[in-house]
Structures are given as C-alpha cells and as structure tokens.
$ cat target.txt   # compact mmCIF, C-alpha atoms and all ligand atoms
# COMPACT_ATOMS: atom_id res chain seq x y z
CA MET G 919 4.71 36.85 17.06
CA THR G 920 3.89 35.04 13.82
CA THR G 921 1.96 36.80 11.09
CA SER G 922 -0.48 34.68 9.17
CA TYR G 923 -0.97 35.22 5.45
CA THR G 924 -2.95 33.83 2.57
CA PRO G 925 -0.74 32.48 -0.23
CA GLU G 926 -2.46 34.82 -2.75
CA ALA G 927 -1.34 37.83 -0.72
CA LEU G 928 2.35 36.97 -1.11
CA PRO G 929 4.39 38.83 -3.74
CA ALA G 930 4.55 37.12 -7.14
CA LEU G 931 7.39 34.66 -7.71
CA ALA G 932 9.86 35.27 -10.53
CA ASP G 933 8.63 34.22 -13.97
CA ARG G 934 11.38 31.60 -14.31
CA VAL G 935 9.71 29.43 -11.66
CA GLY G 936 6.86 28.90 -14.10
CA CYS G 937 9.31 27.46 -16.67
CA ILE G 938 10.28 24.58 -14.39
CA GLU G 939 8.04 21.53 -14.39
CA PRO G 940 7.64 19.45 -11.23
CA PHE G 941 8.68 15.80 -11.21
CA HIS G 942 5.51 14.00 -12.26
CA VAL G 943 6.86 10.76 -10.80
CA MET G 944 6.28 12.10 -7.30
CA GLU G 945 2.59 11.12 -7.59
CA LEU G 946 3.68 7.55 -8.21
CA VAL G 947 6.18 7.68 -5.36
CA LYS G 948 3.48 8.93 -2.99
CA ARG G 949 1.20 6.07 -4.04
CA ALA G 950 4.04 3.56 -3.60
CA ASP G 951 4.76 4.95 -0.13
CA ALA G 952 1.08 4.70 0.81
CA LEU G 953 0.96 1.07 -0.37
CA ALA G 954 4.16 0.30 1.56
CA ALA G 955 2.70 1.94 4.68
CA ALA G 956 -0.33 -0.33 4.26
CA GLY G 957 1.97 -3.35 4.33
CA ARG G 958 2.42 -4.05 0.60
CA SER G 959 5.83 -5.14 -0.63
CA ILE G 960 7.08 -2.54 -3.13
CA ILE G 961 9.98 -3.08 -5.52
CA HIS G 962 11.35 0.25 -6.66
CA LEU G 963 12.68 0.05 -10.19
CA SER G 964 12.17 3.78 -10.23
CA ILE G 965 15.17 5.10 -8.37
CA GLY G 966 17.87 7.16 -10.08
CA GLU G 967 20.63 6.47 -7.62
CA PRO G 968 22.87 3.49 -6.91
CA ASP G 969 21.78 1.10 -4.18
CA PHE G 970 25.44 1.01 -3.08
CA THR G 971 27.07 3.57 -0.77
CA ALA G 972 30.62 4.86 -0.44
CA PRO G 973 33.19 2.07 0.14
CA ALA G 974 34.93 1.70 3.52
CA PRO G 975 38.12 3.69 2.74
CA VAL G 976 36.04 6.69 1.69
CA VAL G 977 33.87 6.51 4.80
CA GLN G 978 37.02 6.25 6.97
CA ALA G 979 38.49 9.25 5.19
CA LEU G 980 35.34 11.24 5.95
CA GLN G 981 35.54 10.29 9.62
CA ALA G 982 39.18 11.42 9.70
CA VAL G 983 38.33 14.77 8.11
CA ALA G 984 35.57 15.36 10.67
CA ARG G 985 37.88 14.33 13.53
CA ASP G 986 40.74 16.54 12.36
CA GLY G 987 38.47 19.50 11.73
CA ALA G 988 39.83 20.18 8.23
CA THR G 989 36.42 21.50 7.30
CA GLY G 990 36.82 25.22 6.53
CA TYR G 991 36.14 26.74 3.12
CA THR G 992 38.35 25.59 0.27
CA PRO G 993 39.31 27.52 -2.86
CA ALA G 994 36.30 27.86 -5.18
CA LEU G 995 37.98 25.60 -7.74
CA GLY G 996 38.31 22.81 -5.16
CA VAL G 997 41.21 21.32 -3.21
CA ALA G 998 44.28 20.75 -5.38
CA PRO G 999 44.78 17.02 -4.61
CA LEU G 1000 41.21 16.22 -5.62
CA ARG G 1001 41.48 18.25 -8.84
CA GLU G 1002 44.65 16.29 -9.62
CA ALA G 1003 42.99 12.97 -8.82
CA ILE G 1004 40.03 13.76 -11.10
CA ALA G 1005 42.42 14.73 -13.91
CA GLY G 1006 44.36 11.51 -13.28
CA TRP G 1007 41.13 9.49 -13.51
CA TYR G 1008 40.51 10.82 -17.03
CA ALA G 1009 44.01 9.65 -17.98
CA SER G 1010 43.75 6.19 -16.40
CA GLU G 1011 40.13 5.37 -17.26
CA PHE G 1012 39.51 7.18 -20.53
CA GLY G 1013 42.98 7.86 -21.92
CA VAL G 1014 42.51 11.65 -21.96
CA ALA G 1015 45.16 14.06 -20.68
CA VAL G 1016 43.42 16.73 -18.61
CA ASP G 1017 45.36 19.53 -16.94
CA PRO G 1018 44.19 19.65 -13.27
CA ALA G 1019 44.05 23.43 -13.64
CA ARG G 1020 41.00 22.89 -15.88
CA VAL G 1021 39.06 21.00 -13.17
CA LEU G 1022 36.50 22.85 -11.04
CA VAL G 1023 34.97 20.84 -8.20
CA THR G 1024 31.24 21.48 -7.79
CA ALA G 1025 28.22 20.53 -5.69
CA GLY G 1026 27.36 17.49 -7.80
CA ALA G 1027 26.88 17.52 -11.55
CA SER G 1028 23.90 19.72 -10.75
CA GLY G 1029 26.25 22.47 -9.50
CA ALA G 1030 28.34 21.98 -12.64
CA LEU G 1031 25.30 22.28 -14.93
CA LEU G 1032 24.18 25.38 -13.09
CA LEU G 1033 27.58 27.03 -13.50
CA ALA G 1034 27.79 26.01 -17.15
CA CYS G 1035 24.38 27.50 -17.94
CA ALA G 1036 25.11 30.63 -15.89
CA ALA G 1037 28.33 31.14 -17.82
CA LEU G 1038 27.19 30.21 -21.32
CA VAL G 1039 23.48 30.90 -21.77
CA ASN G 1040 22.19 34.39 -22.42
CA VAL G 1041 18.50 35.22 -22.21
CA GLY G 1042 16.93 34.02 -25.46
CA ASP G 1043 19.78 31.69 -26.41
CA ALA G 1044 18.66 28.27 -27.56
CA VAL G 1045 20.41 25.08 -26.42
CA LEU G 1046 19.91 21.74 -28.18
CA LEU G 1047 19.21 18.64 -26.09
CA SER G 1048 17.75 15.20 -26.65
CA ASP G 1049 14.13 14.27 -25.96
CA PRO G 1050 13.89 11.98 -24.03
CA GLY G 1051 16.53 13.36 -21.70
CA TYR G 1052 17.33 14.16 -18.09
CA PRO G 1053 14.65 16.75 -17.22
CA CYS G 1054 16.84 19.00 -15.06
CA ASN G 1055 19.15 19.68 -18.00
CA ARG G 1056 16.44 21.56 -19.86
CA HIS G 1057 15.41 23.29 -16.65
CA PHE G 1058 18.95 24.57 -16.02
CA VAL G 1059 18.79 26.21 -19.44
CA SER G 1060 15.36 27.76 -18.79
CA ALA G 1061 16.39 28.94 -15.31
CA PHE G 1062 18.86 31.29 -17.01
CA GLY G 1063 16.35 32.56 -19.54
CA GLY G 1064 17.57 30.22 -22.27
CA LEU G 1065 15.35 28.24 -24.59
CA ALA G 1066 15.85 24.52 -24.11
CA ARG G 1067 15.25 23.00 -27.52
CA PRO G 1068 14.57 19.30 -27.03
CA ILE G 1069 15.00 17.30 -30.23
CA PRO G 1070 12.97 14.08 -30.55
CA VAL G 1071 15.30 11.09 -30.75
CA GLY G 1072 14.54 7.41 -31.19
CA PRO G 1073 16.13 4.03 -31.78
CA ALA G 1074 17.63 5.11 -35.13
CA THR G 1075 20.13 7.33 -33.28
CA ARG G 1076 20.32 5.23 -30.11
CA TYR G 1077 17.95 7.74 -28.41
CA GLN G 1078 20.73 10.30 -28.68
CA LEU G 1079 21.53 13.37 -30.73
CA ASP G 1080 23.75 12.82 -33.72
CA ALA G 1081 25.61 15.26 -35.95
CA ALA G 1082 22.86 15.30 -38.59
CA LEU G 1083 20.20 16.25 -36.02
CA VAL G 1084 22.43 18.91 -34.48
CA ARG G 1085 23.13 20.36 -37.94
CA GLU G 1086 19.45 20.26 -38.92
CA HIS G 1087 18.27 22.02 -35.74
CA TRP G 1088 21.07 24.60 -35.52
CA THR G 1089 19.29 27.90 -36.14
CA PRO G 1090 20.82 31.38 -35.56
CA GLU G 1091 19.63 31.58 -31.95
CA VAL G 1092 21.31 28.28 -30.98
CA ARG G 1093 24.34 28.83 -28.72
CA GLY G 1094 25.32 25.27 -28.08
CA VAL G 1095 24.43 21.68 -27.38
CA LEU G 1096 24.07 19.85 -24.09
CA LEU G 1097 24.75 16.13 -24.47
CA ALA G 1098 24.25 13.47 -21.82
CA SER G 1099 26.01 10.17 -22.56
CA PRO G 1100 25.31 7.53 -21.30
CA SER G 1101 21.78 8.86 -21.10
CA ASN G 1102 19.27 9.08 -18.33
CA PRO G 1103 16.58 7.71 -19.10
CA THR G 1104 17.71 5.43 -21.96
CA GLY G 1105 21.08 4.05 -20.77
CA THR G 1106 22.42 4.50 -24.30
CA SER G 1107 25.62 6.30 -25.30
CA ILE G 1108 26.75 8.36 -28.25
CA ALA G 1109 29.45 6.51 -30.22
CA PHE G 1110 32.82 8.20 -29.86
CA ASP G 1111 33.14 9.01 -33.56
CA GLU G 1112 29.65 10.48 -33.62
CA LEU G 1113 30.58 12.65 -30.64
CA GLY G 1114 33.47 13.95 -32.72
CA ARG G 1115 31.13 14.80 -35.60
CA ILE G 1116 28.75 16.64 -33.23
CA VAL G 1117 31.68 18.62 -31.84
CA GLU G 1118 32.68 19.55 -35.40
CA VAL G 1119 29.19 20.86 -36.19
CA ALA G 1120 29.11 22.94 -33.01
CA ARG G 1121 32.63 24.26 -33.62
CA SER G 1122 31.82 25.23 -37.17
CA ARG G 1123 28.87 27.30 -35.85
CA GLY G 1124 30.91 28.89 -33.05
CA GLY G 1125 28.79 27.06 -30.45
CA PHE G 1126 29.63 25.28 -27.22
CA VAL G 1127 29.46 21.58 -26.39
CA VAL G 1128 28.66 20.61 -22.81
CA ALA G 1129 29.03 16.86 -22.29
CA ASP G 1130 27.28 15.54 -19.19
CA GLU G 1131 29.21 12.28 -18.69
CA ILE G 1132 28.24 11.48 -15.13
CA TYR G 1133 27.53 7.81 -16.03
CA LEU G 1134 30.66 7.31 -18.11
CA GLY G 1135 32.32 5.04 -15.53
CA LEU G 1136 29.23 2.83 -15.72
CA SER G 1137 29.74 1.68 -19.31
CA TYR G 1138 29.39 -2.04 -19.95
CA ASP G 1139 30.17 -3.04 -23.49
CA ARG G 1140 33.38 -1.32 -24.47
CA ALA G 1141 36.09 0.83 -22.95
CA PRO G 1142 34.34 4.18 -22.50
CA ARG G 1143 35.70 7.22 -24.31
CA SER G 1144 35.14 10.77 -23.05
CA ALA G 1145 33.96 13.63 -25.27
CA LEU G 1146 36.92 15.52 -23.82
CA ALA G 1147 39.19 13.49 -26.10
CA HIS G 1148 37.73 15.51 -28.97
CA GLY G 1149 39.30 18.77 -27.81
CA ASP G 1150 40.18 21.12 -24.98
CA ASP G 1151 37.31 23.41 -25.99
CA ILE G 1152 34.64 21.00 -24.72
CA VAL G 1153 33.03 21.40 -21.31
CA GLY G 1154 32.94 18.03 -19.52
CA ILE G 1155 30.77 17.26 -16.50
CA GLY G 1156 31.37 14.45 -14.01
CA SER G 1157 30.03 13.44 -10.63
CA PHE G 1158 30.69 11.37 -7.55
CA SER G 1159 27.00 10.43 -7.49
CA LYS G 1160 26.80 7.49 -9.86
CA PHE G 1161 30.01 5.51 -10.49
CA PHE G 1162 31.27 6.51 -7.02
CA HIS G 1163 27.87 5.90 -5.31
CA MET G 1164 27.92 9.12 -3.30
CA THR G 1165 24.70 10.87 -4.34
CA GLY G 1166 24.08 12.72 -1.09
CA TRP G 1167 27.68 13.87 -0.73
CA ARG G 1168 26.91 16.46 -3.41
CA LEU G 1169 30.17 16.38 -5.26
CA GLY G 1170 30.88 16.65 -8.96
CA TRP G 1171 33.10 18.56 -11.34
CA LEU G 1172 33.57 20.48 -14.53
CA VAL G 1173 36.48 20.18 -16.93
CA LEU G 1174 36.74 23.53 -18.69
CA PRO G 1175 38.56 25.10 -21.59
CA ALA G 1176 41.55 26.69 -19.80
CA ALA G 1177 40.62 30.19 -20.92
CA TRP G 1178 37.20 29.91 -19.25
CA VAL G 1179 38.48 28.86 -15.80
CA PRO G 1180 38.68 32.40 -14.34
CA ALA G 1181 35.11 33.23 -15.44
CA PHE G 1182 33.71 30.00 -13.98
CA GLU G 1183 35.82 30.44 -10.85
CA LYS G 1184 34.32 33.90 -10.32
CA LEU G 1185 30.81 32.50 -10.66
CA ALA G 1186 31.59 29.55 -8.37
CA GLN G 1187 33.01 31.90 -5.72
CA ASN G 1188 29.88 34.00 -5.75
CA LEU G 1189 27.25 31.30 -6.08
CA PHE G 1190 28.70 28.54 -3.86
CA ILE G 1191 31.97 29.72 -2.23
CA CYS G 1192 33.12 26.11 -2.62
CA ALA G 1193 31.85 22.53 -2.78
CA SER G 1194 31.46 20.65 0.53
CA THR G 1195 34.90 20.53 2.17
CA PRO G 1196 34.51 17.21 4.05
CA ALA G 1197 33.18 15.60 0.87
CA GLN G 1198 36.06 16.96 -1.21
CA ARG G 1199 38.75 15.79 1.19
CA ALA G 1200 37.24 12.35 1.74
CA ALA G 1201 36.54 11.83 -1.98
CA LEU G 1202 40.28 11.62 -2.55
CA ALA G 1203 40.08 8.10 -1.13
CA CYS G 1204 37.82 7.10 -4.06
CA PHE G 1205 40.87 6.95 -6.28
CA GLY G 1206 42.92 4.63 -4.07
CA PRO G 1207 43.35 1.00 -5.18
CA GLU G 1208 41.07 -0.45 -2.51
CA ALA G 1209 38.08 1.77 -3.30
CA MET G 1210 38.67 1.48 -7.06
CA ALA G 1211 38.56 -2.33 -6.79
CA VAL G 1212 35.17 -2.03 -5.06
CA TYR G 1213 33.88 0.36 -7.73
CA ARG G 1214 34.98 -1.94 -10.55
CA ALA G 1215 33.32 -4.96 -8.91
CA ARG G 1216 30.11 -2.98 -8.47
CA ARG G 1217 30.21 -1.87 -12.10
CA ASP G 1218 30.40 -5.56 -13.03
CA GLU G 1219 27.39 -6.16 -10.79
CA PHE G 1220 25.45 -3.45 -12.66
CA ARG G 1221 26.41 -5.15 -15.93
CA ALA G 1222 25.10 -8.50 -14.64
CA ARG G 1223 21.82 -6.83 -13.70
CA ARG G 1224 21.54 -5.26 -17.13
CA ASP G 1225 22.24 -8.62 -18.74
CA PHE G 1226 19.41 -10.15 -16.70
CA ILE G 1227 16.76 -7.43 -16.89
CA VAL G 1228 16.86 -6.44 -20.56
CA PRO G 1229 16.10 -9.91 -21.99
CA ALA G 1230 13.62 -10.53 -19.17
CA MET G 1231 11.65 -7.36 -20.01
CA ARG G 1232 11.74 -8.23 -23.70
CA ALA G 1233 10.37 -11.69 -22.90
CA LEU G 1234 7.50 -10.02 -21.03
CA GLY G 1235 6.50 -8.08 -24.15
CA PHE G 1236 8.24 -4.73 -23.65
CA ARG G 1237 10.34 -3.52 -26.56
CA VAL G 1238 13.90 -2.42 -25.94
CA PRO G 1239 15.00 -1.62 -29.48
CA VAL G 1240 18.48 -0.41 -28.51
CA GLU G 1241 20.61 -2.36 -26.06
CA PRO G 1242 21.40 0.03 -23.19
CA ASP G 1243 25.17 0.12 -22.70
CA GLY G 1244 25.59 2.29 -19.62
CA ALA G 1245 24.14 3.99 -16.53
CA PHE G 1246 21.47 1.80 -14.87
CA TYR G 1247 18.40 2.56 -16.94
CA VAL G 1248 16.32 0.78 -19.54
CA TRP G 1249 13.90 2.80 -21.68
CA LEU G 1250 10.98 0.45 -22.12
CA ASP G 1251 8.67 0.78 -25.08
CA ALA G 1252 5.39 -0.41 -23.54
CA SER G 1253 3.25 0.11 -26.62
CA ALA G 1254 2.18 -3.55 -26.52
CA PHE G 1255 0.33 -2.68 -23.32
CA THR G 1256 -0.54 1.01 -23.31
CA ASP G 1257 -0.35 4.45 -24.86
CA ASP G 1258 -0.85 6.06 -21.44
CA SER G 1259 2.25 5.21 -19.42
CA ASP G 1260 1.09 7.37 -16.47
CA ALA G 1261 -2.04 5.31 -15.95
CA PHE G 1262 -0.19 2.08 -16.76
CA ALA G 1263 2.52 2.77 -14.16
CA ILE G 1264 -0.11 3.30 -11.46
CA GLU G 1265 -2.06 0.23 -12.54
CA LEU G 1266 1.10 -1.86 -12.55
CA LEU G 1267 2.11 -0.54 -9.14
CA GLU G 1268 -1.30 -1.32 -7.64
CA ALA G 1269 -1.40 -4.80 -9.16
CA THR G 1270 2.18 -5.95 -8.63
CA GLY G 1271 3.91 -3.53 -6.24
CA VAL G 1272 6.55 -2.83 -8.91
CA ALA G 1273 7.34 0.88 -9.41
CA LEU G 1274 8.50 2.11 -12.83
CA VAL G 1275 8.73 5.75 -13.93
CA PRO G 1276 6.33 6.88 -16.68
CA GLY G 1277 7.91 8.61 -19.68
CA LYS G 1278 6.43 12.08 -19.10
CA ASP G 1279 9.21 13.34 -16.84
CA PHE G 1280 11.79 12.88 -19.60
CA GLY G 1281 10.21 14.89 -22.37
CA ALA G 1282 7.36 15.32 -24.78
CA HIS G 1283 8.45 12.82 -27.44
CA ASP G 1284 6.19 9.80 -27.17
CA PRO G 1285 6.13 9.67 -23.35
CA GLY G 1286 2.81 7.81 -23.32
CA ARG G 1287 4.30 4.56 -24.50
CA HIS G 1288 7.54 4.66 -22.55
CA LEU G 1289 8.62 3.85 -19.01
CA ARG G 1290 12.03 4.10 -17.40
CA LEU G 1291 13.27 1.10 -15.49
CA SER G 1292 16.19 1.56 -13.12
CA TYR G 1293 18.22 -1.53 -12.19
CA ALA G 1294 19.88 0.21 -9.25
CA THR G 1295 18.55 -2.55 -7.06
CA ASP G 1296 19.80 -6.05 -6.29
CA LEU G 1297 19.38 -9.01 -8.63
CA ALA G 1298 17.05 -10.85 -6.26
CA SER G 1299 14.61 -7.90 -6.33
CA LEU G 1300 14.90 -7.68 -10.12
CA ARG G 1301 14.05 -11.38 -10.39
CA GLU G 1302 11.10 -10.97 -8.05
CA ALA G 1303 9.86 -7.95 -10.06
CA VAL G 1304 10.03 -9.94 -13.30
CA GLN G 1305 8.12 -12.78 -11.70
CA ARG G 1306 5.39 -10.45 -10.47
CA LEU G 1307 5.08 -8.78 -13.86
CA GLY G 1308 4.97 -12.18 -15.54
CA GLY G 1309 2.08 -13.15 -13.29
CA TRP G 1310 0.05 -10.06 -14.14
CA LEU G 1311 0.81 -8.81 -17.65
CA PRO G 1312 -0.62 -11.71 -19.68
CA ALA G 1313 -4.01 -11.57 -17.92
CA ARG G 1314 -4.09 -7.80 -18.15
CA HIS G 1315 -3.18 -8.00 -21.81
CA ARG G 1316 -6.00 -10.48 -22.51
CA ALA G 1317 -8.47 -8.34 -20.55
CA ALA G 1318 -7.47 -5.22 -22.50
CA ARG G 1319 -8.16 -6.89 -25.89
C1 LIG D 1401 22.13 12.86 -16.71
C2 LIG D 1401 22.24 13.42 -15.33
N1 LIG D 1401 22.94 14.56 -15.15
C3 LIG D 1401 23.08 15.10 -13.92
C4 LIG D 1401 22.50 14.53 -12.80
C5 LIG D 1401 22.70 15.18 -11.46
O1 LIG D 1401 23.59 14.43 -10.69
P1 LIG D 1401 24.30 14.95 -9.36
O2 LIG D 1401 23.82 14.08 -8.26
O3 LIG D 1401 25.76 14.75 -9.60
O4 LIG D 1401 23.95 16.38 -9.18
C6 LIG D 1401 21.75 13.35 -12.94
C7 LIG D 1401 21.10 12.73 -11.77
O5 LIG D 1401 20.36 11.78 -11.85
C8 LIG D 1401 21.63 12.78 -14.24
O6 LIG D 1401 20.94 11.64 -14.43
$ encode --input "target.txt" --output "structure tokens"
Amino acid sequence: MTTSYTPEALPALADRVGCIEPFHVMELVKRADALAAAGRSIIHLSIGEPDFTAPAPVVQALQAVARDGATGYTPALGVAPLREAIAGWYASEFGVAVDPARVLVTAGASGALLLACAALVNVGDAVLLSDPGYPCNRHFVSAFGGLARPIPVGPATRYQLDAALVREHWTPEVRGVLLASPSNPTGTSIAFDELGRIVEVARSRGGFVVADEIYLGLSYDRAPRSALAHGDDIVGIGSFSKFFHMTGWRLGWLVLPAAWVPAFEKLAQNLFICASTPAQRAALACFGPEAMAVYRARRDEFRARRDFIVPAMRALGFRVPVEPDGAFYVWLDASAFTDDSDAFAIELLEATGVALVPGKDFGAHDPGRHLRLSYATDLASLREAVQRLGGWLPARHRAAR
C-alpha cells in the first residue's frame, strides 16, 4: 500500500541543502530541448563534457573486465596498477615525480573534491576560490559547513587567483585555497610561477592548497606544469572525465601529502568503499601507446577549435580579453550586446538555435555580461554557430540602439 503525503508534511531537510544553488542553466537546457522537440536545429555550445568517448583499447578493456568478472570491490585507495599509471602520467606529461602511494582513486574529480572538503574543512572555516569559477567547488565547501569565499577575478589576473589576491583575502578564518587551473568557465590557467607564489602564501599561513587540475592535459600553448611540482604538501585533483573523455565512467583521483593518506583512506572507505571497479581496471588502458596517441590527436583537435572560435567570436563583437589556453571553454564578455546574460542567452537561443551558458552559474562577479562558450563540439558545428550568430547579432544590435 502506498501512503500519499503533501510535501509540506515531510520532515525538514538539513540546512546545508539550502546552501547549494541549483544549476540555473537547466532552464536554458529545457528551452533548447523543447525547441529541438519542435524540430529546430540546436547547436549546443553549452556542454561541459568532451564530444569524444573512450578510445577503442579502453572500451575493449572494459569488455574484458566485464567478461572476466573482475568486478568486486577494490581497496579504497584504488587498484595498484592504476595508481602507478596515474603517478607515471605525472612524470611523463608534467615532469613531476609522484609516489603511487600518494594516489587515491575516486569517483571522478567530484569524489576527490568531496573527500578533500570532508578531510580539510571544519564548520566555519573559510576557503578562498575564484569568481567566476566552477560552481560545485564552492558547494563542496558549503556542504561541509565551510564558508566558500569567492574572490572576484578579471582579465588582469587571467580570471584566476594570484598570490596578491590570496594574501589580501587571507583572514584568520581562512583554512586554505581551492584553485582550478585551467579554469571552468574561463579556459585560462595560472602561470606556474604564480602557482608557486600562491603556495608560498598558503604555506606561510599554515593553510592548504587544493589544486583542481582536471583540464591540465588539455593545455594548448605551452607544456603544462602541475601545481604538484611546487611541493609534496599540495593536494592535486585529476580526472578521467576531460582529457580522457570518460565523463560517465566516474573516475578521478587525488594526489595527497603522504602523511594524509591514511585519513583520506579512512574517509574513502566509509563514504564510497571504492571507485567503480570496472572503470578502474579498464582505465589502465588509457595509458597505453595506442590510446595516448588518440588522446593527443584529440587534444590537437580541441586546440584547432579554440584557434577557430576565439577570433570568430571576437569578430562578432564579443570581447575575449584573455586568450584561453586550456580546457574547452571561452568566457565571453558580451557587454557590447547586453548586461543581462540570462535574457540574452534565451533570446539568442530562440533566434539562432545556438545555446550558450549565461554567467550566473559561475558566480556573482559580473555574471550579467558574461556567457560561457564550450567548444566541445565539432568544427563544422562551430562554423555553423558562428554563421548563425553573424546573421542575427548585427540586426539585433541595431534594433537595441
Ligand atoms: C573545474 C572542474 N572540477 C571538477 C569537475 C568534476 O569533474 P568529474 O566529472 O571528474 O567529477 C568539473 C566538471 O565539469 C570541473 O569543470
């Protein structure tokens, strides 16, 4: 027998739920879906995941794991060969020696961020982050009773925190800083030397540095350097979602100061038991030469898209004051067209079928004149999107004057 209830009669939810904002972009996505259902052609430049999927050797490895039934729980830290492969990747790609014993395999970077905040943030502790920034990062902090302290950043600091900002905003209740480089939504990175200066400020205050580097493999202009090269006391976060194109596999990792591994392991055991076993075992194939060649070619494809879309958006009248150097995002300053990016994104979607994400989801610093463009879609679609925008923006601009 089912018992019916009115929502008001249910017990109250925990207060922390109220600290988490919904994704505002979902309204736009719903509208885009409705237009698509009505037969309109929609180009999504709104999606935060690669349009590629796992390469063939990884898929074959997954099939073999399923066939062989090697799918029971693993140790909470992850399977040893994968921890070694991740450590090896830091050495080969970023020139950093990481002891595999410091690697904890998690359910995506999200699982890593959750563990990091569970382990490091006490109720009332403040954590510094950039605004704009990836919204979930501030929500992980609030979920543990911490105070996410978003710091407005702009073109002068490449839309990133720098050491001066960290120093200026470090008050007694600050426990640490959560960096994300390259950034979602701006696609810009913190220069390696600046990272070092930020680490020095945090160290001098006895604070932690968590470096969310899930887009590090997708860096286009210079050989990427990891924050981990600045010391074994930094917490590094990586993921199979972006460079490895395996968003739904839910696999990521933490690199921890060695002394913290037992504490994080204890939390991981209790909160997750382990990351997905089939995903862990199959992900080993990501590091083989065949899959790596595919990943490198796809990174070059992302670079080509960036090289097309950034000048094209500038030519249309959007400002992109800082060249994005990584991830697959462009933070568009749309102030030539609007100071209400929510309304503008809907208007643009209705008129052209092109979906961009309004700035509001990424923070409170000037969201009204910003939109995030994702180029995780093929070049032909990017070209078509630019053409459609070019056919609409000038007339709209004249009408608005
Ligand atoms: C900066 C940043 N950190 C973390 C995540 C979460 O990624 P994952 O799929 O590995 O949980 C995302 C996802 O978009 C992101 O952009």
$ closest_residue --input "target.txt" --among "G:Ser1299, G:Ser1060, G:Ser1107, G:Gln981" --to "ligand LIG 1401 (chain D)" --atoms "all atoms listed in the file"
G:Ser1107
$ closest_residue --input "target.txt" --among "G:Val1248, G:Ala1269, G:Ala994, G:Ala1120" --to "Val1084 of chain G" --atoms "all atoms listed in the file"
G:Ala1120
$ residues_near_ligand --input "target.txt" --ligand "ligand LIG 1401 (chain D)" --cutoff "10 Å" --atoms "only C-alpha atoms and all ligand atoms" --output "ChimeraX atom specification"
/G:965-968,1024-1032,1051-1055,1097-1103,1105,1129-1133,1155-1160,1163-1171,1245-1247
$ residues_around --input "target.txt" --residues "segment 1141-1150 of chain G" --least-positions-apart "6" --cutoff "6 Å" --atoms "all atoms listed in the file" --output "number ranges by chain"
G: 1012, 1014, 1114, 1175
$ closest_residue --input "target.txt" --among "G:Ile1264, G:Leu1000, G:Val1238, G:Ala1036" --to "Gly1072 of chain G" --atoms "only C-alpha atoms"
G:Val1238
$ atom_distance --input "target.txt" --atom1 "atom CA of His942 of chain G" --atom2 "atom CA of Pro1070 of chain G"
19.8 Å
$ decode --input "target.txt" --residues "segment 1289-1307 of chain G" --atoms "C-alpha atoms" --output "short mmCIF file (atom, residue, chain, number, x, y, z; two decimals), in the first residue's frame"
data_model
loop_
_atom_site.label_atom_id
_atom_site.label_comp_id
_atom_site.auth_asym_id
_atom_site.auth_seq_id
_atom_site.Cartn_x
_atom_site.Cartn_y
_atom_site.Cartn_z
CA LEU G 1289 28.49 33.84 -21.17
CA ARG G 1290 30.42 30.59 -21.26
CA LEU G 1291 31.02 29.02 -24.64
CA SER G 1292 32.10 25.38 -24.76
CA TYR G 1293 33.88 24.18 -27.90
CA ALA G 1294 33.38 20.52 -27.01
CA THR G 1295 31.65 20.11 -30.33
CA ASP G 1296 32.94 19.55 -33.86
CA LEU G 1297 34.39 22.30 -36.03
CA ALA G 1298 31.56 22.10 -38.57
CA SER G 1299 29.02 22.88 -35.81
CA LEU G 1300 31.21 25.70 -34.51
CA ARG G 1301 31.35 27.19 -38.01
CA GLU G 1302 27.59 26.88 -38.40
CA ALA G 1303 27.05 28.52 -34.98
CA VAL G 1304 29.28 31.46 -35.96
CA GLN G 1305 27.39 31.86 -39.21
CA ARG G 1306 24.04 31.89 -37.43
CA LEU G 1307 25.25 34.42 -34.88
#
